[in-house]
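Student: Before we start, here is the structure in question, set down as structure tokens.
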Amino acid sequence: MSQNEVFDQLDVGGIVDLTGEDTARIHIAALRAAGEPGKNAAYQAERAAGLVTAFPPSLVRALHRYGNHGSVHNTLLVRGLLPDVAGLPPSPGTTTPAPLGPDVDAAALILLAVASQMGEPFTFASLYEGRLVQHVTPVPGQEDAQTSEGSDTVLAWHVEDAFTEARCDFFGLLCLRGEPAAQTLVAPARALALPAEVERVLREPRFVVEPDIAHGADPTPDLPVAAVLSGPPGDPEICFDAVYQRPADPADADAATALKALADAVDAAAVAHVLEPGELLIADNRRIVHGRTVFRPRYDGTDRWLLRTMVCASKREHRRRGASRALP
Ligand SMILES: [Fe+2]
């Protein structure tokens, strides 16, 4: 992707607007829940699930429809989830801040409440201290990082945690503070224009992905070999990472060529959205790839600040994993 490109915008059919009345009712319920004792992740998810009673039926229905049928871009944007954020603390400048007060706790519960309509929120123990809700904000010294801490470099196309089949089915990004220069980019797999031969290669198990540095893991020698594309032709699933993925066999020139063609097709299918405060973008991590354009951090407390959580759509799978909120 190039920084100065003008991208198409998210399809309006995948946007839900809340009324001011909805926003206030949800916020009051979330502040009350945030004030309840008990801070562990399982209890946090349970408290959040109860907030659904404060949601308007239009939001519950939109989430249900999205979970069943997706959307044109396989994202859902919910606007107006948070009231005016004038009282928020400064953007933390770290992805592992100390407790930040009731407004941030309430926002985290609202994010988890929406996420719980899509399945079960979880994370990985190796990721940002295993926090169920993670902070996405620029961190000094990490400007070039391909992680939630980066800023002054393009966040290359990827799906979350492509190296593991336990990766999330959906993730949500709730914006506390926006940044006009930071365009969140998505490219739906169903919009990719690929030559038949390229698609055939991408559907074969000929590729590996190394764990990304956010997990702090060294590359493991026994990487699973998998396909990039799978599922029905009209609604394909994708597992792509522009940085960490490569042909399993270094001599497999056709696989390398197919990955390059895919990268070009992803660029061509990109749509963009600049997240604004109170907006939650839910993305289908099995059917889109995503990235972010460059922005310049200021480190003065006003930087871009998102909360993120990940969802396992299958309750059965979640139970099989011990109902763990932080996978080992
Ligand atoms: Fe990401």
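The way I read the labels, and the way they are meant: chains A, B, ... in the order of the structure tokens, residue 1 as the first residue of every chain, and ligand 1 as the first ligand shown, with later ones counted on from there.
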As a PyMOL selection string, please: the residues near A:Val133 (cut-off 9 Å, only C-alpha atoms, same-chain neighbours under 5 positions excluded).

Tutor: chain A and resi 108-109+111-112+121-123+307-310

Student: Applying 7 Å and only C-alpha atoms, which residues near stretch 257-268 of chain A remain after dropping the ones on its own chain fewer than 2 positions away? List them as a list in words.

Tutor: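 In the requested form, the answer reads Met1, Ala187, Leu192, Ala193, Leu194, Val198, Val201, Leu202, Ala253, Asp254, Ala255 and Ala270 of chain A.
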
Student: Can I get the selection written as a short mmCIF file (atom, residue, chain, number, x, y, z; two decimals), in the first residue's frame, with C-alpha atoms?

Tutor:
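selection-v8.cif was written with the following content:
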```
data_model
loop_
_atom_site.label_atom_id
_atom_site.label_comp_id
_atom_site.auth_asym_id
_atom_site.auth_seq_id
_atom_site.Cartn_x
_atom_site.Cartn_y
_atom_site.Cartn_z
CA MET A 1 0.00 0.00 0.00
CA ALA A 187 -9.36 -5.73 2.30
CA LEU A 192 -9.78 -10.04 -4.31
CA ALA A 193 -9.34 -10.28 -8.09
CA LEU A 194 -6.93 -13.20 -8.54
CA VAL A 198 -2.75 -17.95 -8.43
CA VAL A 201 -1.78 -22.26 -5.53
CA LEU A 202 -3.01 -20.13 -2.60
CA ALA A 253 8.80 -20.32 -6.86
CA ASP A 254 5.11 -20.68 -7.76
CA ALA A 255 4.13 -20.17 -4.12
CA ALA A 270 -8.32 -1.85 0.08
#
```

Student: Kindly provide, as a VMD selection string, all nucleotide and amino acid residues lying within 7 Å of ligand 1, counting only C-alpha atoms and all ligand atoms.

Tutor: chain A and resid 158 to 160 290 to 291

Student: For the residues selected in the previous step, produce a file with N, CA and C atoms as a PDB file, in the first residue's frame.

Tutor:
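Below is the file out-v4.pdb, written as the result:
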```pdb
ATOM      1  N   HIS A 158      -2.067  -7.795   7.224  1.00  0.00           N
ATOM      2  CA  HIS A 158      -1.967  -9.012   8.032  1.00  0.00           C
ATOM      3  C   HIS A 158      -3.350  -9.406   8.535  1.00  0.00           C
ATOM      4  N   VAL A 159      -3.453 -10.637   8.989  1.00  0.00           N
ATOM      5  CA  VAL A 159      -4.562 -11.011   9.866  1.00  0.00           C
ATOM      6  C   VAL A 159      -3.957 -11.171  11.253  1.00  0.00           C
ATOM      7  N   GLU A 160      -4.791 -11.052  12.281  1.00  0.00           N
ATOM      8  CA  GLU A 160      -4.263 -11.193  13.631  1.00  0.00           C
ATOM      9  C   GLU A 160      -3.761 -12.624  13.831  1.00  0.00           C
ATOM     10  N   HIS A 290      -5.994  -6.665   7.214  1.00  0.00           N
ATOM     11  CA  HIS A 290      -6.056  -5.259   7.606  1.00  0.00           C
ATOM     12  C   HIS A 290      -4.666  -4.671   7.776  1.00  0.00           C
ATOM     13  N   GLY A 291      -4.632  -3.355   7.844  1.00  0.00           N
ATOM     14  CA  GLY A 291      -3.377  -2.634   8.030  1.00  0.00           C
ATOM     15  C   GLY A 291      -3.682  -1.216   8.462  1.00  0.00           C
TER      16      GLY A 291
END
```

Student: Kindly indicate which residue among A:Ala214, A:Ile28, A:Val12, A:Cys168 lies nearest to A:Pro83, using only C-alpha atoms for the distances.

Tutor: A:Ile28

Student: When distances are computed from only C-alpha atoms, which of A:Gly35, A:Pro92, A:Pro211, A:Gly172 shows the smallest separation from A:Leu132?

Tutor: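 Nearest candidate to A:Leu132 out of A:Gly35, A:Pro92, A:Pro211, A:Gly172: A:Gly172.
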
Student: Neighbours of A:Glu276 within 8 Å (only C-alpha atoms; same-chain residues fewer than 6 positions away dropped), as a ChimeraX atom specification?

Tutor: /A:175-179

Student: Can you pull out every residue from stretch 120-263 of chain A that DSSP, working from the backbone, puts in helix (DSSP H, G or I), and format the result as a list in words?

Tutor: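 Checking each residue of stretch 120-263 of chain A, the helix (DSSP H, G or I) ones are Tyr128, Glu129, Gly130, Ala189, Arg190, Ala191, Ala196, Glu197, Val198, Glu199, Arg200, Val201, Leu202, Ile213, Ala214, His215, Ala253, Asp254, Ala255, Ala256, Thr257, Ala258, Leu259, Lys260, Ala261, Leu262 and Ala263 of chain A.
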
Student: Between A:Ala326, A:Ala34, A:Ala29, A:Val225, which residue has the minimum interatomic distance to A:Val104, considering only C-alpha atoms?

Tutor: A:Ala34
